[in-house]
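S.K.: Below you'll find the structure I mean.
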Amino acid sequence: MMVNPYSVAAALLAATVSYIGVKTADAGGASVTRTFNATSVGAAATGRRIVLLVHWYGGAARSISSALIGGVAATIHAQVTNPTAYGGAYTMGVAAISAPIDAGTSLNISVTFDGTMGNSVMIGVYNCVGINSGTAVDTDTEIAASNPITLNLDVQNGGVLIGGFVRYHNSGNSVTGETENYDATFSSIRGFGGSLAVVADESNRAVVFSTDTATALYGAAVAVSLR
(Lines give C-alpha, C1' and ligand atoms only; values in the text may rest on other atoms or scores of the structure.)
Protein backbone atom coordinates (compact mmCIF):
# COMPACT_ATOMS: atom_id res chain seq x y z
CA MET A 1 0.00 0.00 0.00
CA MET A 2 1.40 3.40 -0.96
CA VAL A 3 1.47 6.03 1.76
CA ASN A 4 0.61 9.58 0.81
CA PRO A 5 3.66 11.59 1.99
CA TYR A 6 1.58 14.74 2.25
CA SER A 7 -0.84 13.06 4.64
CA VAL A 8 2.06 11.81 6.75
CA ALA A 9 3.64 15.28 6.84
CA ALA A 10 0.34 16.86 7.82
CA ALA A 11 -0.08 14.39 10.66
CA LEU A 12 3.47 15.00 11.92
CA LEU A 13 3.05 18.76 11.75
CA ALA A 14 -0.24 18.99 13.61
CA ALA A 15 -0.49 22.36 15.31
CA THR A 16 -0.50 22.73 19.08
CA VAL A 17 -2.49 25.24 21.11
CA SER A 18 -1.59 26.29 24.66
CA TYR A 19 -3.65 28.65 26.77
CA ILE A 20 -1.32 31.10 28.59
CA GLY A 21 -3.59 33.40 30.60
CA VAL A 22 -5.73 36.54 30.69
CA LYS A 23 -4.74 40.15 31.21
CA THR A 24 -6.65 43.42 31.51
CA ALA A 25 -5.43 46.58 29.83
CA ASP A 26 -2.85 48.67 31.65
CA ALA A 27 -4.15 51.72 33.52
CA GLY A 28 -4.32 54.91 31.54
CA GLY A 29 -7.92 56.05 31.40
CA ALA A 30 -10.06 56.52 28.33
CA SER A 31 -8.07 56.20 25.11
CA VAL A 32 -8.31 54.94 21.55
CA THR A 33 -5.42 52.50 22.09
CA ARG A 34 -5.32 50.17 25.05
CA THR A 35 -2.00 48.54 26.00
CA PHE A 36 -0.99 45.27 27.64
CA ASN A 37 2.71 45.63 28.39
CA ALA A 38 4.96 42.70 29.35
CA THR A 39 2.27 40.14 28.55
CA SER A 40 3.28 36.51 29.05
CA VAL A 41 2.90 34.62 25.77
CA GLY A 42 4.55 31.30 26.60
CA ALA A 43 7.58 29.55 25.15
CA ALA A 44 9.30 30.89 22.05
CA ALA A 45 9.26 28.58 19.02
CA THR A 46 9.84 28.56 15.29
CA GLY A 47 6.49 28.75 13.54
CA ARG A 48 4.70 30.21 16.55
CA ARG A 49 1.52 32.25 16.21
CA ILE A 50 0.10 34.20 19.14
CA VAL A 51 -3.70 34.21 19.09
CA LEU A 52 -5.71 36.59 21.24
CA LEU A 53 -9.36 36.74 22.19
CA VAL A 54 -10.09 40.41 22.90
CA HIS A 55 -13.09 41.27 25.11
CA TRP A 56 -14.38 44.81 25.69
CA TYR A 57 -17.35 46.89 26.77
CA GLY A 58 -18.25 50.55 26.91
CA GLY A 59 -20.86 53.19 26.32
CA ALA A 60 -20.45 53.72 22.57
CA ALA A 61 -20.22 50.73 20.25
CA ARG A 62 -16.59 50.17 19.26
CA SER A 63 -14.65 47.85 16.96
CA ILE A 64 -10.93 47.12 16.60
CA SER A 65 -9.20 48.98 13.79
CA SER A 66 -5.68 47.55 14.33
CA ALA A 67 -3.48 45.76 16.84
CA LEU A 68 0.20 45.04 17.46
CA ILE A 69 1.58 41.92 19.13
CA GLY A 70 5.24 42.35 19.95
CA GLY A 71 5.41 45.07 17.30
CA VAL A 72 3.94 42.81 14.60
CA ALA A 73 0.68 43.87 12.95
CA ALA A 74 -2.05 41.43 13.93
CA THR A 75 -4.59 39.88 11.60
CA ILE A 76 -8.14 40.56 12.75
CA HIS A 77 -9.79 37.25 11.90
CA ALA A 78 -13.27 38.15 13.14
CA GLN A 79 -14.95 40.58 15.52
CA VAL A 80 -18.46 41.50 16.58
CA THR A 81 -20.03 44.20 18.74
CA ASN A 82 -23.41 43.99 20.42
CA PRO A 83 -24.64 47.61 20.53
CA THR A 84 -27.58 46.94 22.85
CA ALA A 85 -26.21 44.32 25.24
CA TYR A 86 -28.02 43.80 28.52
CA GLY A 87 -30.99 45.96 27.71
CA GLY A 88 -28.87 48.77 26.31
CA ALA A 89 -26.90 49.30 29.52
CA TYR A 90 -23.65 48.31 27.81
CA THR A 91 -22.17 47.72 24.40
CA MET A 92 -19.93 44.67 24.34
CA GLY A 93 -17.52 43.25 21.79
CA VAL A 94 -15.18 40.35 21.21
CA ALA A 95 -12.57 39.58 18.56
CA ALA A 96 -10.11 36.88 17.51
CA ILE A 97 -6.77 38.25 16.29
CA SER A 98 -3.29 36.77 15.76
CA ALA A 99 0.27 37.44 14.63
CA PRO A 100 3.27 35.22 13.77
CA ILE A 101 6.14 35.90 16.16
CA ASP A 102 8.77 33.30 17.02
CA ALA A 103 10.84 35.08 19.66
CA GLY A 104 10.05 36.27 23.16
CA THR A 105 8.16 34.98 26.17
CA SER A 106 6.86 38.41 27.24
CA LEU A 107 5.55 40.88 24.67
CA ASN A 108 3.98 44.32 24.56
CA ILE A 109 0.52 44.26 23.00
CA SER A 110 -1.64 47.17 21.89
CA VAL A 111 -5.20 47.22 20.58
CA THR A 112 -6.51 50.30 18.76
CA PHE A 113 -10.24 50.93 18.49
CA ASP A 114 -12.20 53.10 16.09
CA GLY A 115 -12.90 55.59 18.87
CA THR A 116 -12.20 56.27 22.53
CA MET A 117 -12.48 53.14 24.68
CA GLY A 118 -13.36 54.39 28.14
CA ASN A 119 -14.03 51.06 29.81
CA SER A 120 -12.23 47.80 30.43
CA VAL A 121 -10.56 45.61 27.84
CA MET A 122 -9.27 42.08 28.52
CA ILE A 123 -7.31 39.60 26.40
CA GLY A 124 -7.05 35.83 26.51
CA VAL A 125 -3.64 34.67 25.26
CA TYR A 126 -2.90 31.51 23.25
CA ASN A 127 0.45 30.18 22.06
CA CYS A 128 0.04 28.13 18.86
CA VAL A 129 2.84 26.32 17.04
CA GLY A 130 2.58 24.68 13.62
CA ILE A 131 -0.21 26.74 12.06
CA ASN A 132 0.57 26.81 8.36
CA SER A 133 -1.43 29.88 7.36
CA GLY A 134 -2.49 33.14 8.91
CA THR A 135 -5.68 32.99 6.86
CA ALA A 136 -8.48 31.42 8.86
CA VAL A 137 -10.08 28.19 7.70
CA ASP A 138 -13.36 29.60 8.98
CA THR A 139 -14.82 32.05 11.49
CA ASP A 140 -18.19 32.71 13.04
CA THR A 141 -19.69 35.44 15.23
CA GLU A 142 -22.95 35.98 17.02
CA ILE A 143 -24.68 38.81 18.83
CA ALA A 144 -26.04 37.03 21.86
CA ALA A 145 -29.49 37.62 23.30
CA SER A 146 -30.32 34.01 24.13
CA ASN A 147 -29.10 31.05 26.17
CA PRO A 148 -27.40 29.06 24.77
CA ILE A 149 -25.69 30.64 21.77
CA THR A 150 -24.20 28.51 19.00
CA LEU A 151 -21.37 29.17 16.57
CA ASN A 152 -20.71 26.87 13.59
CA LEU A 153 -17.46 26.69 11.68
CA ASP A 154 -15.38 24.28 9.61
CA VAL A 155 -12.24 22.80 11.20
CA GLN A 156 -9.33 20.88 9.70
CA ASN A 157 -7.36 17.91 11.02
CA GLY A 158 -4.17 19.16 12.67
CA GLY A 159 -5.54 22.68 13.14
CA VAL A 160 -6.81 24.61 16.13
CA LEU A 161 -10.13 26.12 17.17
CA ILE A 162 -10.30 29.09 19.56
CA GLY A 163 -13.53 30.78 20.60
CA GLY A 164 -15.00 32.91 23.33
CA PHE A 165 -17.63 35.43 24.38
CA VAL A 166 -18.23 38.53 26.47
CA ARG A 167 -21.29 39.09 28.65
CA TYR A 168 -22.60 40.68 31.83
CA HIS A 169 -20.72 39.46 34.89
CA ASN A 170 -22.71 36.33 35.86
CA SER A 171 -20.59 33.22 36.38
CA GLY A 172 -21.62 29.63 35.75
CA ASN A 173 -20.74 29.76 32.05
CA SER A 174 -19.81 26.66 30.05
CA VAL A 175 -19.05 25.47 26.53
CA THR A 176 -19.26 22.36 24.38
CA GLY A 177 -17.31 21.85 21.17
CA GLU A 178 -14.06 23.12 22.70
CA THR A 179 -12.34 22.99 26.11
CA GLU A 180 -12.96 25.85 28.53
CA ASN A 181 -9.78 27.77 29.41
CA TYR A 182 -11.03 30.79 31.35
CA ASP A 183 -14.16 32.43 32.73
CA ALA A 184 -12.89 35.72 34.14
CA THR A 185 -14.35 38.99 35.36
CA PHE A 186 -12.96 42.32 34.22
CA SER A 187 -14.70 45.27 35.82
CA SER A 188 -18.42 44.33 35.76
CA ILE A 189 -18.13 42.26 32.59
CA ARG A 190 -17.15 38.64 32.06
CA GLY A 191 -14.89 37.19 29.37
CA PHE A 192 -14.86 33.49 28.51
CA GLY A 193 -12.51 31.55 26.25
CA GLY A 194 -11.79 28.02 25.11
CA SER A 195 -9.75 26.07 22.58
CA LEU A 196 -9.36 22.74 20.83
CA ALA A 197 -6.58 20.89 19.02
CA VAL A 198 -8.48 19.48 16.05
CA VAL A 199 -7.96 15.78 15.21
CA ALA A 200 -10.38 15.35 12.29
CA ASP A 201 -11.90 17.41 9.49
CA GLU A 202 -15.41 18.56 10.33
CA SER A 203 -17.88 20.87 8.65
CA ASN A 204 -19.98 23.22 10.75
CA ARG A 205 -18.59 22.12 14.08
CA ALA A 206 -20.86 23.51 16.79
CA VAL A 207 -19.37 25.56 19.62
CA VAL A 208 -22.15 26.14 22.14
CA PHE A 209 -21.85 28.67 24.96
CA SER A 210 -24.34 28.56 27.82
CA THR A 211 -24.94 29.69 31.39
CA ASP A 212 -26.51 27.86 34.31
CA THR A 213 -28.94 30.72 35.00
CA ALA A 214 -32.13 31.62 33.20
CA THR A 215 -30.56 34.92 32.13
CA ALA A 216 -29.76 35.30 28.45
CA LEU A 217 -26.07 35.76 27.68
CA TYR A 218 -26.60 39.32 26.35
CA GLY A 219 -23.20 39.81 24.80
CA ALA A 220 -21.22 38.68 21.79
CA ALA A 221 -19.34 35.56 20.70
CA VAL A 222 -16.54 34.77 18.22
CA ALA A 223 -14.60 31.71 17.07
CA VAL A 224 -11.76 31.13 14.63
CA SER A 225 -10.48 27.94 12.97
CA LEU A 226 -6.82 27.94 11.87
CA ARG A 227 -4.61 25.43 10.07
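By order in the C-alpha coordinates, chains are A, B, ...; within a chain, residues start at 1; ligands start at 1, following the order shown.
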Mind checking which residues fall within 10 Å of Ser98 in chain A, counting only C-alpha atoms, ignoring those fewer than 2 positions away in the same chain, and posting them as an NGL selection string?
M.R.: :A and (49-53 or 67-69 or 72-77 or 96 or 100-101 or 125-128 or 134-135)
S.K.: Quick one: residues within 6 Å of range 160-165 of chain A, only C-alpha atoms, excluding same-chain residues fewer than 6 positions away - as an MDAnalysis selection string?
M.R.: chainID A and resid 191:198 220:226
S.K.: Do you know which residues are at most 10 Å from Arg205 in chain A counting only C-alpha atoms, after dropping those on the same chain fewer than 5 positions away, and could you put them as a list in words?
M.R.: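 With the cut-off at 10 Å, the set is Thr150, Leu151, Asn152, Leu153, Asp154, Val155, Leu161, Gly177 and Glu178 of chain A.
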S.K.: Report, in Å to a single decimal, how far apart CA of Val111 in chain A and CA of Val22 in chain A are.
M.R.: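 Computed distance, CA of Val22 in chain A to CA of Val111 in chain A, equals 14.7 Å.
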S.K.: Using only C-alpha atoms for the distances, tell me which of A:Glu180, A:Glu142, A:Asp212, A:Asp114 is nearest to Ala78 in chain A.
M.R.: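 Distance minimum relative to Ala78 in chain A lands on A:Glu142.
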S.K.: Find the spatial neighbours of Ser63 in chain A, counting only C-alpha atoms, within a cut-off of 10 Å - ignore same-chain residues fewer than 5 positions away - and output them as a count of residues only.
M.R.: 13
S.K.: Point out the residue among A:Ser40, A:Thr35, A:Thr179, A:Thr46 with the least atom-to-atom distance to Gly130 in chain A, counting only C-alpha atoms.
M.R.: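 Smallest distance to Gly130 in chain A is found for A:Thr46.
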S.K.: List the spatial neighbours of Gly118 in chain A as a VMD selection string - criterion: any atom at most 10 Å away, only C-alpha atoms, same-chain residues fewer than 5 positions off excluded.
M.R.: chain A and resid 28 to 32 34 56 to 60
